[in-house]
$ cat upload_38.csv   # CSV, C-alpha atoms and all ligand atoms
chain,number,residue,atom,x,y,z
A,1,MET,CA,87.1,-22.5,17.7
A,2,ASN,CA,83.8,-24.2,18.4
A,3,ALA,CA,82.6,-24.5,22.0
A,4,ILE,CA,82.5,-28.0,23.4
A,5,ALA,CA,81.8,-28.9,27.0
A,6,ASP,CA,85.0,-30.9,27.4
A,7,TYR,CA,88.7,-30.7,28.1
A,8,ARG,CA,89.8,-32.5,25.0
A,9,THR,CA,89.3,-31.9,21.3
A,10,TYR,CA,87.6,-34.1,18.8
A,11,PRO,CA,89.3,-34.7,15.5
A,12,LEU,CA,87.1,-34.2,12.5
A,13,ILE,CA,86.8,-37.8,11.2
A,14,SER,CA,84.4,-36.8,8.4
A,15,PRO,CA,83.0,-33.3,7.6
A,16,LEU,CA,79.3,-32.6,7.8
A,17,LEU,CA,77.7,-32.4,4.4
A,18,SER,CA,74.1,-31.4,5.0
A,19,ALA,CA,71.4,-31.4,7.6
A,20,GLN,CA,67.7,-31.9,7.1
A,21,LEU,CA,64.7,-31.3,9.3
A,22,ALA,CA,62.4,-34.3,10.0
A,23,PRO,CA,59.6,-34.8,12.6
A,24,ASP,CA,61.2,-34.8,16.1
A,25,LEU,CA,64.8,-34.9,14.7
A,26,ILE,CA,67.4,-33.5,12.4
A,27,GLU,CA,69.1,-35.9,10.1
A,28,VAL,CA,72.7,-35.1,9.1
A,29,THR,CA,74.7,-36.6,6.3
A,30,TRP,CA,78.5,-36.9,6.7
A,31,ALA,CA,81.0,-36.7,3.8
A,32,ASP,CA,81.6,-40.5,4.2
A,33,GLN,CA,77.8,-40.9,3.5
A,34,ARG,CA,77.0,-41.9,7.1
A,35,ARG,CA,73.6,-40.6,8.2
A,36,SER,CA,73.0,-39.8,11.8
A,37,PRO,CA,69.7,-38.8,13.4
A,38,PHE,CA,69.8,-36.2,16.2
A,39,HIS,CA,66.6,-35.7,18.1
A,40,HIS,CA,65.6,-32.1,18.8
A,41,LEU,CA,65.5,-32.8,22.5
A,42,TRP,CA,69.0,-34.3,22.3
A,43,LEU,CA,70.4,-31.4,20.4
A,44,ARG,CA,68.8,-28.8,22.7
A,45,ASP,CA,70.1,-30.8,25.7
A,46,ASN,CA,73.7,-30.8,24.3
A,47,CYS,CA,73.9,-27.1,23.3
A,48,PRO,CA,77.4,-26.1,24.3
A,49,CYS,CA,76.9,-22.3,24.3
A,50,SER,CA,78.0,-20.2,27.3
A,51,GLN,CA,74.4,-19.8,28.5
A,52,CYS,CA,73.9,-23.6,28.6
A,53,VAL,CA,77.3,-24.6,29.9
A,54,TYR,CA,79.4,-22.6,32.4
A,55,SER,CA,82.7,-22.0,30.7
A,56,VAL,CA,84.7,-22.3,33.9
A,57,THR,CA,83.5,-25.7,35.1
A,58,ARG,CA,82.3,-26.9,31.6
A,59,GLU,CA,79.3,-28.3,33.4
A,60,GLN,CA,75.7,-27.7,32.3
A,61,VAL,CA,73.6,-25.0,34.0
A,62,PHE,CA,70.7,-25.5,31.6
A,63,GLU,CA,68.3,-28.4,32.3
A,64,ILE,CA,66.4,-30.1,29.5
A,65,ALA,CA,63.2,-29.8,31.7
A,66,ASP,CA,63.6,-26.0,31.2
A,67,VAL,CA,62.2,-26.1,27.6
A,68,PRO,CA,58.9,-27.5,26.2
A,69,GLU,CA,59.0,-31.2,25.2
A,70,HIS,CA,58.3,-30.3,21.6
A,71,LEU,CA,60.6,-27.4,21.1
A,72,GLU,CA,61.0,-27.0,17.3
A,73,PRO,CA,64.0,-25.7,15.3
A,74,LEU,CA,63.1,-22.7,13.1
A,75,SER,CA,66.1,-23.4,10.9
A,76,VAL,CA,69.1,-25.8,10.6
A,77,GLU,CA,72.2,-25.5,8.4
A,78,VAL,CA,75.9,-26.5,8.1
A,79,ASP,CA,77.6,-23.1,8.6
A,80,ASP,CA,80.6,-21.8,6.7
A,81,GLN,CA,82.9,-23.3,9.4
A,82,GLY,CA,81.4,-26.8,9.0
A,83,ALA,CA,79.5,-26.7,12.3
A,84,LEU,CA,75.8,-27.6,12.7
A,85,ARG,CA,73.8,-24.6,13.5
A,86,VAL,CA,70.3,-24.7,14.9
A,87,GLN,CA,68.0,-21.8,15.6
A,88,TRP,CA,65.2,-22.7,17.9
A,89,GLU,CA,61.7,-21.3,18.0
A,90,ASP,CA,62.3,-19.7,21.4
A,91,GLY,CA,65.1,-17.6,20.0
A,92,HIS,CA,68.0,-19.8,21.3
A,93,ASP,CA,70.9,-20.4,18.9
A,94,SER,CA,73.0,-23.5,19.1
A,95,ARG,CA,76.2,-24.5,17.3
A,96,TYR,CA,77.7,-28.0,17.4
A,97,ASP,CA,81.4,-28.8,16.7
A,98,PRO,CA,81.3,-31.5,13.9
A,99,GLY,CA,84.1,-33.5,15.5
A,100,TRP,CA,82.2,-33.6,18.8
A,101,LEU,CA,78.9,-34.4,17.1
A,102,ARG,CA,80.4,-37.3,15.2
A,103,ALA,CA,82.0,-38.6,18.4
A,104,HIS,CA,78.6,-38.6,20.0
A,105,ALA,CA,76.4,-39.7,17.1
A,106,TYR,CA,74.1,-42.5,18.0
A,107,ASP,CA,73.1,-44.0,14.7
A,108,ASP,CA,73.6,-47.8,14.6
A,109,ALA,CA,76.9,-47.7,12.8
A,110,SER,CA,78.4,-45.1,15.2
A,111,ARG,CA,77.3,-46.9,18.2
A,112,ALA,CA,78.6,-50.2,16.9
A,113,GLU,CA,81.9,-48.6,16.1
A,114,ARG,CA,82.2,-47.2,19.7
A,115,GLN,CA,81.3,-50.6,21.2
A,116,ALA,CA,84.0,-52.3,19.1
A,117,THR,CA,86.7,-49.9,20.2
A,118,ARG,CA,85.8,-50.1,23.9
A,119,ALA,CA,88.7,-51.5,26.0
A,120,ARG,CA,88.4,-55.3,26.1
A,121,LYS,CA,89.5,-57.2,29.1
A,122,GLN,CA,92.2,-59.7,28.1
A,123,ARG,CA,91.4,-62.9,30.0
A,124,TRP,CA,94.4,-65.0,31.1
A,125,VAL,CA,95.3,-68.4,32.6
A,126,ALA,CA,98.4,-70.0,34.0
A,127,GLY,CA,100.6,-69.2,31.0
A,128,LEU,CA,100.2,-65.4,31.3
A,129,THR,CA,103.1,-63.3,30.0
A,130,LEU,CA,103.4,-61.0,33.0
A,131,PRO,CA,103.4,-57.3,32.2
A,132,VAL,CA,106.5,-55.9,34.0
A,133,PHE,CA,107.4,-52.2,34.4
A,134,GLU,CA,110.3,-50.3,35.7
A,135,TYR,CA,109.8,-48.0,38.8
A,136,SER,CA,112.0,-45.2,37.5
A,137,ALA,CA,110.2,-45.2,34.1
A,138,VAL,CA,106.7,-45.1,35.5
A,139,MET,CA,107.7,-42.4,38.1
A,140,ASN,CA,109.4,-40.1,35.5
A,141,ASP,CA,107.7,-40.7,32.2
A,142,ASP,CA,104.0,-40.2,31.6
A,143,SER,CA,103.9,-42.5,28.5
A,144,ALA,CA,105.5,-45.4,30.6
A,145,LEU,CA,102.9,-44.6,33.3
A,146,LEU,CA,100.1,-44.9,30.8
A,147,ASP,CA,101.4,-48.2,29.4
A,148,TRP,CA,101.4,-49.6,33.0
A,149,LEU,CA,97.9,-48.3,33.8
A,150,LEU,CA,96.5,-49.8,30.6
A,151,ALA,CA,98.0,-53.2,31.5
A,152,VAL,CA,96.4,-52.9,35.0
A,153,ARG,CA,93.1,-52.0,33.5
A,154,ASP,CA,93.0,-54.6,30.7
A,155,ILE,CA,95.0,-57.5,32.1
A,156,GLY,CA,94.4,-56.9,35.8
A,157,LEU,CA,97.9,-58.0,37.0
A,158,SER,CA,101.2,-56.3,36.7
A,159,GLN,CA,104.6,-56.1,38.3
A,160,VAL,CA,106.8,-53.1,38.9
A,161,ARG,CA,110.6,-53.6,39.5
A,162,GLY,CA,113.3,-51.5,40.8
A,163,VAL,CA,111.2,-50.0,43.6
A,164,PRO,CA,113.1,-48.7,46.7
A,165,THR,CA,112.9,-51.0,49.7
A,166,GLU,CA,112.5,-48.2,52.3
A,167,PRO,CA,109.2,-48.6,54.1
A,168,GLY,CA,106.7,-46.1,52.7
A,169,SER,CA,108.1,-46.0,49.2
A,170,LEU,CA,104.9,-47.5,47.9
A,171,SER,CA,103.0,-44.3,48.6
A,172,LEU,CA,104.9,-42.3,46.0
A,173,LEU,CA,104.2,-44.8,43.3
A,174,ALA,CA,100.5,-45.2,44.2
A,175,GLN,CA,100.1,-41.4,44.2
A,176,ARG,CA,101.4,-41.3,40.6
A,177,ILE,CA,97.9,-42.6,40.0
A,178,SER,CA,95.9,-40.8,42.6
A,179,PHE,CA,94.6,-40.9,46.1
A,180,ILE,CA,95.3,-43.9,48.2
A,181,ARG,CA,92.1,-45.4,49.7
A,182,GLU,CA,92.6,-45.7,53.5
A,183,SER,CA,91.0,-48.5,55.4
A,184,ASN,CA,90.9,-49.8,59.0
A,185,PHE,CA,94.2,-51.5,58.2
A,186,GLY,CA,95.8,-48.0,57.6
A,187,VAL,CA,96.9,-45.9,54.6
A,188,LEU,CA,99.7,-48.4,54.0
A,189,PHE,CA,99.3,-51.8,55.7
A,190,ASN,CA,102.2,-53.9,56.9
A,191,VAL,CA,101.9,-57.6,55.8
A,192,GLN,CA,104.0,-59.4,58.4
A,193,SER,CA,103.4,-62.3,60.7
A,194,LYS,CA,102.2,-60.7,64.0
A,195,VAL,CA,101.3,-62.3,67.3
A,196,ASP,CA,98.2,-60.1,67.7
A,197,ALA,CA,97.1,-60.5,64.0
A,198,ASP,CA,93.7,-58.9,63.2
A,199,SER,CA,93.6,-60.8,59.9
A,200,ASN,CA,94.8,-64.1,58.6
A,201,ALA,CA,96.9,-62.0,56.2
A,202,TYR,CA,99.1,-61.1,59.2
A,203,THR,CA,100.0,-64.7,60.0
A,204,ALA,CA,102.4,-67.1,58.3
A,205,PHE,CA,99.5,-69.2,57.1
A,206,ASN,CA,98.7,-70.1,53.5
A,207,LEU,CA,96.2,-67.5,52.3
A,208,PRO,CA,93.8,-69.0,49.8
A,209,LEU,CA,92.9,-67.1,46.6
A,210,HIS,CA,90.9,-64.1,47.6
A,211,THR,CA,89.9,-60.5,46.9
A,212,ASP,CA,90.7,-57.9,49.6
A,213,LEU,CA,87.9,-56.2,51.6
A,214,PRO,CA,85.0,-58.2,50.2
A,215,THR,CA,83.5,-57.0,53.5
A,216,ARG,CA,83.0,-53.5,52.0
A,217,GLU,CA,80.1,-52.3,49.8
A,218,LEU,CA,82.8,-51.2,47.3
A,219,GLN,CA,85.8,-53.5,47.2
A,220,PRO,CA,89.0,-51.6,46.5
A,221,GLY,CA,89.7,-51.4,42.8
A,222,LEU,CA,93.5,-51.7,42.8
A,223,GLN,CA,95.7,-53.5,45.3
A,224,PHE,CA,99.4,-53.0,45.6
A,225,LEU,CA,101.7,-55.4,47.5
A,226,HIS,CA,105.3,-54.1,47.8
A,227,CYS,CA,108.1,-56.5,48.9
A,228,LEU,CA,110.6,-54.9,51.3
A,229,ILE,CA,112.1,-58.2,52.3
A,230,ASN,CA,111.4,-61.8,51.5
A,231,ASP,CA,114.0,-64.0,53.1
A,232,ALA,CA,111.6,-66.6,54.6
A,233,GLU,CA,111.1,-70.0,53.1
A,234,GLY,CA,107.7,-70.2,51.3
A,235,GLY,CA,105.4,-67.3,50.9
A,236,ASP,CA,105.3,-67.4,47.0
A,237,SER,CA,102.5,-65.4,45.3
A,238,ARG,CA,99.7,-66.9,43.3
A,239,PHE,CA,97.0,-65.2,41.1
A,240,VAL,CA,94.0,-66.3,39.1
A,241,ASP,CA,91.9,-64.2,36.7
A,242,GLY,CA,88.5,-64.4,38.3
A,243,PHE,CA,86.8,-63.4,35.1
A,244,ALA,CA,88.4,-66.3,33.2
A,245,ILE,CA,87.3,-68.7,36.0
A,246,ALA,CA,83.7,-67.3,35.9
A,247,GLN,CA,83.6,-67.6,32.1
A,248,THR,CA,84.8,-71.2,32.3
A,249,LEU,CA,82.3,-72.0,35.1
A,250,ARG,CA,79.5,-70.6,33.1
A,251,GLN,CA,80.3,-73.0,30.3
A,252,GLU,CA,81.1,-76.1,32.4
A,253,ASP,CA,78.6,-75.7,35.2
A,254,PRO,CA,75.8,-73.2,34.3
A,255,GLN,CA,73.8,-74.0,37.4
A,256,ALA,CA,76.7,-73.2,39.7
A,257,TYR,CA,77.4,-70.0,37.8
A,258,ARG,CA,73.8,-68.9,38.2
A,259,LEU,CA,73.8,-69.5,41.9
A,260,LEU,CA,77.1,-67.6,42.4
A,261,CYS,CA,75.6,-64.7,40.4
A,262,GLU,CA,72.2,-64.7,42.2
A,263,VAL,CA,72.6,-65.8,45.8
A,264,PRO,CA,74.1,-63.1,48.1
A,265,VAL,CA,76.4,-64.3,50.9
A,266,GLU,CA,77.8,-62.3,53.8
A,267,PHE,CA,81.5,-61.3,54.2
A,268,ARG,CA,82.6,-60.1,57.6
A,269,ASN,CA,85.7,-58.5,59.1
A,270,LYS,CA,85.5,-58.0,62.8
A,271,ASP,CA,87.9,-57.0,65.5
A,272,ARG,CA,87.7,-55.2,68.9
A,273,ARG,CA,86.9,-51.8,67.3
A,274,SER,CA,85.2,-52.5,64.0
A,275,ASP,CA,82.6,-54.8,62.4
A,276,TYR,CA,82.4,-54.6,58.6
A,277,ARG,CA,79.8,-56.6,56.7
A,278,CYS,CA,78.7,-56.9,53.2
A,279,LEU,CA,76.0,-59.1,51.7
A,280,ALA,CA,76.6,-59.7,48.0
A,281,PRO,CA,76.9,-62.5,45.4
A,282,VAL,CA,80.4,-63.9,44.6
A,283,ILE,CA,80.0,-63.0,40.9
A,284,ALA,CA,78.5,-59.6,40.0
A,285,LEU,CA,77.3,-58.9,36.5
A,286,ASP,CA,77.0,-55.6,34.7
A,287,VAL,CA,73.8,-54.4,32.9
A,288,THR,CA,74.8,-56.3,29.7
A,289,GLY,CA,75.2,-59.6,31.7
A,290,GLU,CA,79.1,-59.5,31.5
A,291,VAL,CA,81.0,-60.5,34.6
A,292,ALA,CA,81.9,-57.2,36.3
A,293,GLU,CA,83.3,-58.3,39.7
A,294,ILE,CA,84.4,-61.2,41.8
A,295,ARG,CA,84.0,-61.1,45.6
A,296,MET,CA,85.7,-63.9,47.4
A,297,ALA,CA,87.6,-64.5,50.6
A,298,ASN,CA,86.6,-67.7,52.3
A,299,PHE,CA,88.3,-66.6,55.6
A,300,LEU,CA,86.1,-63.6,55.8
A,301,ARG,CA,82.8,-65.3,55.0
A,302,GLY,CA,79.8,-65.5,57.4
A,303,ALA,CA,77.6,-68.5,57.8
A,304,PHE,CA,75.3,-69.0,54.8
A,305,ASN,CA,71.8,-67.8,55.3
A,306,ILE,CA,70.1,-69.5,52.4
A,307,GLU,CA,66.7,-71.2,52.0
A,308,PRO,CA,67.0,-74.9,52.9
A,309,ASP,CA,66.3,-76.1,49.4
A,310,VAL,CA,69.1,-74.1,47.9
A,311,MET,CA,71.7,-74.8,50.6
A,312,LEU,CA,73.2,-77.9,49.1
A,313,PRO,CA,73.2,-76.7,45.5
A,314,TYR,CA,74.8,-73.5,46.7
A,315,TYR,CA,77.6,-75.4,48.6
A,316,ARG,CA,78.2,-77.4,45.4
A,317,ALA,CA,78.6,-74.1,43.4
A,318,TYR,CA,80.8,-72.5,46.1
A,319,ARG,CA,83.0,-75.5,46.4
A,320,HIS,CA,83.3,-75.8,42.6
A,321,PHE,CA,84.4,-72.1,42.4
A,322,ILE,CA,87.1,-72.6,45.0
A,323,ALA,CA,88.2,-75.9,43.4
A,324,MET,CA,88.6,-74.0,40.1
A,325,THR,CA,90.8,-71.3,41.8
A,326,ARG,CA,93.0,-74.2,43.0
A,327,GLU,CA,93.5,-75.7,39.5
A,328,PRO,CA,97.0,-75.3,38.1
A,329,ARG,CA,95.6,-74.4,34.6
A,330,PHE,CA,94.3,-71.1,36.0
A,331,GLN,CA,97.1,-70.2,38.4
A,332,PHE,CA,100.0,-67.8,37.7
A,333,ARG,CA,102.7,-68.3,40.4
A,334,GLN,CA,105.7,-66.3,41.1
A,335,ARG,CA,107.8,-65.3,44.2
A,336,LEU,CA,108.0,-61.6,44.8
A,337,GLU,CA,111.6,-60.4,45.6
A,338,ALA,CA,112.7,-57.3,47.5
A,339,GLY,CA,112.2,-54.2,45.4
A,340,GLN,CA,109.3,-55.6,43.4
A,341,LEU,CA,105.6,-55.1,43.7
A,342,TRP,CA,102.4,-56.4,42.5
A,343,CYS,CA,99.6,-54.1,41.3
A,344,PHE,CA,96.4,-55.8,40.3
A,345,ASP,CA,92.7,-55.3,39.8
A,346,ASN,CA,91.3,-56.5,43.2
A,347,ARG,CA,87.7,-56.7,41.9
A,348,ARG,CA,88.8,-59.2,39.2
A,349,THR,CA,92.2,-60.9,40.0
A,350,LEU,CA,92.3,-63.1,43.1
A,351,HIS,CA,95.6,-63.3,44.9
A,352,ALA,CA,97.1,-65.8,47.3
A,353,ARG,CA,100.3,-66.6,49.1
A,354,ASP,CA,101.8,-69.9,50.2
A,355,ALA,CA,102.5,-70.5,53.9
A,356,PHE,CA,105.9,-69.4,55.0
A,357,ASP,CA,108.3,-70.2,57.8
A,358,PRO,CA,108.8,-67.1,59.9
A,359,THR,CA,111.7,-68.7,61.7
A,360,SER,CA,113.7,-69.2,58.5
A,361,GLY,CA,114.0,-65.4,57.7
A,362,ALA,CA,112.2,-62.1,57.6
A,363,ARG,CA,109.2,-61.3,55.3
A,364,HIS,CA,107.8,-57.8,55.1
A,365,PHE,CA,105.4,-56.5,52.5
A,366,GLN,CA,103.5,-53.2,52.5
A,367,GLY,CA,100.2,-52.8,50.7
A,368,CYS,CA,97.7,-50.2,49.8
A,369,TYR,CA,94.5,-49.6,47.7
A,370,VAL,CA,93.5,-47.2,45.0
A,371,ASP,CA,89.9,-47.1,43.7
A,372,ARG,CA,89.2,-48.1,40.1
A,373,ASP,CA,87.7,-44.7,39.3
A,374,GLU,CA,91.1,-43.1,40.1
A,375,LEU,CA,92.8,-45.5,37.6
A,376,LEU,CA,90.3,-44.8,34.9
A,377,SER,CA,90.3,-41.1,35.4
A,378,ARG,CA,94.1,-41.0,35.3
A,379,ILE,CA,94.2,-43.0,32.1
A,380,LEU,CA,91.7,-40.6,30.4
A,381,VAL,CA,93.7,-37.5,31.5
A,382,LEU,CA,96.9,-39.0,30.2
A,383,GLN,CA,95.2,-39.8,26.9
A,384,ARG,CA,94.0,-36.2,26.3
B,401,LIG,C1,97.0,-59.6,52.0
B,401,LIG,C2,97.7,-60.6,51.2
B,401,LIG,C3,99.7,-61.6,50.4
B,401,LIG,C4,101.1,-61.9,50.8
B,401,LIG,O1,97.7,-59.0,52.9
B,401,LIG,O2,95.8,-59.3,51.8
B,401,LIG,O3,97.0,-61.2,50.4
B,401,LIG,O4,101.9,-62.3,50.0
B,401,LIG,N1,99.0,-60.8,51.3
B,401,LIG,O5,101.4,-61.8,52.0
B,402,ZN,ZN,72.8,-23.0,24.5
B,403,ZN,ZN,95.0,-60.1,50.3
$ encode --input "upload_38.csv" --output "structure tokens" --more "lines below"
Ligand code: OGA
Ligand code: ZN
Ligand code: ZN
Amino acid sequence: MNAIADYRTYPLISPLLSAQLAPDLIEVTWADQRRSPFHHLWLRDNCPCSQCVYSVTREQVFEIADVPEHLEPLSVEVDDQGALRVQWEDGHDSRYDPGWLRAHAYDDASRAERQATRARKQRWVAGLTLPVFEYSAVMNDDSALLDWLLAVRDIGLSQVRGVPTEPGSLSLLAQRISFIRESNFGVLFNVQSKVDADSNAYTAFNLPLHTDLPTRELQPGLQFLHCLINDAEGGDSRFVDGFAIAQTLRQEDPQAYRLLCEVPVEFRNKDRRSDYRCLAPVIALDVTGEVAEIRMANFLRGAFNIEPDVMLPYYRAYRHFIAMTREPRFQFRQRLEAGQLWCFDNRRTLHARDAFDPTSGARHFQGCYVDRDELLSRILVLQR
């Protein structure tokens, strides 16, 4: 068994055929003829031996700054178990599992392959086929749980049915994923029309398409809304894929798109005891320029503080974005019934509810948040 600094194993896609020394690197050739360069520094950095990686935590104790920059290998070979073996000039001896090495190879073909198999977000519009899951299945069966979590990750909207309607039931389901993220609204928050509402969410008003807690540096990754009772007239749910809207805006109105990516605006949530503020753009991009996050709740926005020349173009862009969220072509609409819940990616999918008439019947939802890291970690562990 070869040492690897991980909790999973790496299948051997193709055995190692040979390894050759070159300046600064070792070039290996695989049985399928792929060639991969591995720099001396990279190899030394990734030595999985028990001196370099503590076997209990599987975390590195060695630091690459502990060896000279031009540490040379004395010899390199593919050993009789198919592992890459490197003996270093300072006496250190490293062995690399070929499955691990192939999975981490950084030649162009290997990197392109990995990029292609990366999870792709599936953008959607009004005609979305809603992914629906059964409560008893996701509670009792890890493979049903994984299917649900992948839908949440890749589509960003899902429904679970057959959920008990006792208050608090949502906690058990959310904890199937991981820790609930508490906020000033509680561990679970009660969405009901209240006289002393500390948010428009706790009225019977129409709530326009929004993300929750845009007022925080890190918006919650997942949001759950669990319906305990929905007997009032109105109050149907609506969703849009914020990534689909951003992509369309980029094509149809590039200037508006650019302003929403670049100009930060302030979101605020204040009551007698708290005052949360976050200054950030409506559309956040990742390092590759892809849309990574939408931040939008008009009812939580502060006054724009933008240079005068940009104020009107910014209003144009902001109004255009909201107008797009109102377009039927983007909206998925459905009423949530007792015993059903929504689980969606709050940093991507915007949600809304129609106004309802609280005199016509009771309406009580409970909600909570789980961070995206928890979702992704749970998926990886289930996939081990
Ligand atoms: C909320 C919210 C939707 C609803 O509480 O943030 O969006 O259907 N509620 O009440
Ligand atoms: Zn080592
Ligand atoms: Zn909300």
$ closest_residue --input "upload_38.csv" --among "A:Asp90, A:Asp6, A:Asp32, A:Asp286" --to "ligand ZN 402 (chain B)" --atoms "only C-alpha atoms and all ligand atoms"
A:Asp90
$ residues_near_ligand --input "upload_38.csv" --ligand "ligand LIG 401 (chain B)" --cutoff "7 Å" --atoms "all atoms listed in the file" --output "list in words"
Val191, Ala201, Tyr202, Leu207, Asp212, Gly235, Asp236, Ser237, His351, Ala352, Arg353 and Phe365 of chain A
$ residues_near_ligand --input "upload_38.csv" --ligand "ligand ZN 402 (chain B)" --cutoff "12 Å" --atoms "only C-alpha atoms and all ligand atoms" --output "JSON, numbers by chain"
{"A": [3, 4, 5, 43, 44, 45, 46, 47, 48, 49, 50, 51, 52, 53, 54, 55, 60, 61, 62, 63, 64, 66, 67, 85, 86, 87, 88, 90, 91, 92, 93, 94, 95, 96]}
$ closest_residue --input "upload_38.csv" --among "A:His210, A:Lys270, A:Arg258, A:His40" --to "ligand ZN 403 (chain B)" --atoms "only C-alpha atoms and all ligand atoms"
A:His210
$ closest_atom_pairs --input "upload_38.csv" --of "stretch 200-239 of chain A" --to "stretch 163-178 of chain A" --cutoff "9 Å" --atoms "only C-alpha atoms" --output "Markdown table"
| residue | atom | partner | partner_atom | distance |
| --- | --- | --- | --- | --- |
| A:Phe224 | CA | A:Ala174 | CA | 8.0 |
| A:Leu225 | CA | A:Leu170 | CA | 8.5 |
| A:His226 | CA | A:Leu170 | CA | 6.6 |
| A:Cys227 | CA | A:Thr165 | CA | 7.3 |
| A:Leu228 | CA | A:Thr165 | CA | 4.8 |
| A:Ile229 | CA | A:Thr165 | CA | 7.7 |
$ closest_residue --input "upload_38.csv" --among "A:Asn190, A:Thr248, A:Ser18, A:Asn305" --to "A:Asp79" --atoms "all atoms listed in the file"
A:Ser18
$ atom_distance --input "upload_38.csv" --atom1 "atom CA of A:Ser136" --atom2 "atom CA of A:Leu375"
19.2 Å
$ closest_residue --input "upload_38.csv" --among "A:Leu279, A:Leu260, A:Leu222, A:Val195" --to "ligand ZN 403 (chain B)" --atoms "all atoms listed in the file"
A:Leu222
$ closest_residue --input "upload_38.csv" --among "A:His320, A:Leu285, A:Arg335, A:Ile294" --to "A:Gln255" --atoms "all atoms listed in the file"
A:His320
$ atom_distance --input "upload_38.csv" --atom1 "atom CA of A:Gln251" --atom2 "atom CA of A:Glu293"
17.7 Å
$ closest_residue --input "upload_38.csv" --among "A:Leu150, A:Val132, A:Met139, A:Val160" --to "A:Ala119" --atoms "only C-alpha atoms"
A:Leu150
$ residues_near_point --input "upload_38.csv" --point "(76.7, -71.4, 48.2)" --cutoff "9 Å" --atoms "only C-alpha atoms" --output "list in words"
Ala256, Leu259, Leu260, Val263, Pro264, Val265, Phe304, Ile306, Val310, Met311, Leu312, Pro313, Tyr314, Tyr315, Arg316, Ala317, Tyr318 and Arg319 of chain A
$ atom_distance --input "upload_38.csv" --atom1 "atom CA of A:Leu249" --atom2 "atom CA of A:Cys343"
25.7 Å
$ residues_around --input "upload_38.csv" --residues "A:Arg384" --least-positions-apart "3" --cutoff "7 Å" --atoms "only C-alpha atoms" --output "MDAnalysis selection string"
chainID A and resid 8 380:381
$ closest_atom_pairs --input "upload_38.csv" --of "stretch 202-257 of chain A" --to "stretch 321-330 of chain A" --cutoff "10 Å" --atoms "all atoms listed in the file" --output "tab-separated table"
residue	atom	partner	partner_atom	distance
A:Pro208	CA	A:Arg326	CA	8.6
A:Leu209	CA	A:Thr325	CA	6.7
A:His210	CA	A:Thr325	CA	9.2
A:Arg238	CA	A:Arg326	CA	9.9
A:Phe239	CA	A:Phe330	CA	8.3
A:Val240	CA	A:Phe330	CA	5.7
A:Asp241	CA	A:Phe330	CA	7.3
A:Gly242	CA	A:Thr325	CA	8.1
A:Ala244	CA	A:Phe330	CA	8.1
A:Ile245	CA	A:Met324	CA	6.8
A:Ala246	CA	A:Phe321	CA	8.1
A:Thr248	CA	A:Met324	CA	9.1
A:Leu249	CA	A:Phe321	CA	7.6
A:Asp253	CA	A:Phe321	CA	9.9
A:Ala256	CA	A:Phe321	CA	8.2
A:Tyr257	CA	A:Phe321	CA	8.6
$ residues_near_point --input "upload_38.csv" --point "(91.3, -56.9, 30.9)" --cutoff "8 Å" --atoms "only C-alpha atoms" --output "list in words"
Ala119, Arg120, Lys121, Gln122, Arg123, Ala151, Val152, Arg153, Asp154, Ile155 and Gly156 of chain A
$ decode --input "upload_38.csv" --residues "stretch 29-38 of chain A" --atoms "N, CA and C atoms" --output "mmCIF file, in the first residue's frame"
data_model
loop_
_atom_site.group_PDB
_atom_site.id
_atom_site.type_symbol
_atom_site.label_atom_id
_atom_site.label_comp_id
_atom_site.auth_asym_id
_atom_site.auth_seq_id
_atom_site.Cartn_x
_atom_site.Cartn_y
_atom_site.Cartn_z
ATOM 1 N N THR A 29 6.547 8.794 -18.305
ATOM 2 C CA THR A 29 5.725 8.331 -19.426
ATOM 3 C C THR A 29 4.782 7.261 -18.891
ATOM 4 N N TRP A 30 3.510 7.397 -19.244
ATOM 5 C CA TRP A 30 2.478 6.465 -18.789
ATOM 6 C C TRP A 30 2.238 5.416 -19.876
ATOM 7 N N ALA A 31 1.610 4.308 -19.487
ATOM 8 C CA ALA A 31 1.359 3.216 -20.441
ATOM 9 C C ALA A 31 0.502 3.688 -21.618
ATOM 10 N N ASP A 32 -0.352 4.696 -21.392
ATOM 11 C CA ASP A 32 -1.158 5.189 -22.523
ATOM 12 C C ASP A 32 -0.423 6.271 -23.315
ATOM 13 N N GLN A 33 0.881 6.358 -23.102
ATOM 14 C CA GLN A 33 1.778 7.251 -23.865
ATOM 15 C C GLN A 33 1.714 8.717 -23.436
ATOM 16 N N ARG A 34 0.863 9.027 -22.463
ATOM 17 C CA ARG A 34 0.868 10.401 -21.979
ATOM 18 C C ARG A 34 2.208 10.668 -21.279
ATOM 19 N N ARG A 35 2.721 11.868 -21.463
ATOM 20 C CA ARG A 35 3.937 12.279 -20.746
ATOM 21 C C ARG A 35 3.585 13.414 -19.804
ATOM 22 N N SER A 36 4.102 13.314 -18.590
ATOM 23 C CA SER A 36 3.812 14.359 -17.600
ATOM 24 C C SER A 36 5.102 14.834 -16.960
ATOM 25 N N PRO A 37 5.339 16.140 -16.977
ATOM 26 C CA PRO A 37 6.486 16.668 -16.252
ATOM 27 C C PRO A 37 6.116 16.862 -14.770
ATOM 28 N N PHE A 38 7.060 16.568 -13.902
ATOM 29 C CA PHE A 38 6.886 16.873 -12.475
ATOM 30 C C PHE A 38 8.155 17.572 -12.011
#
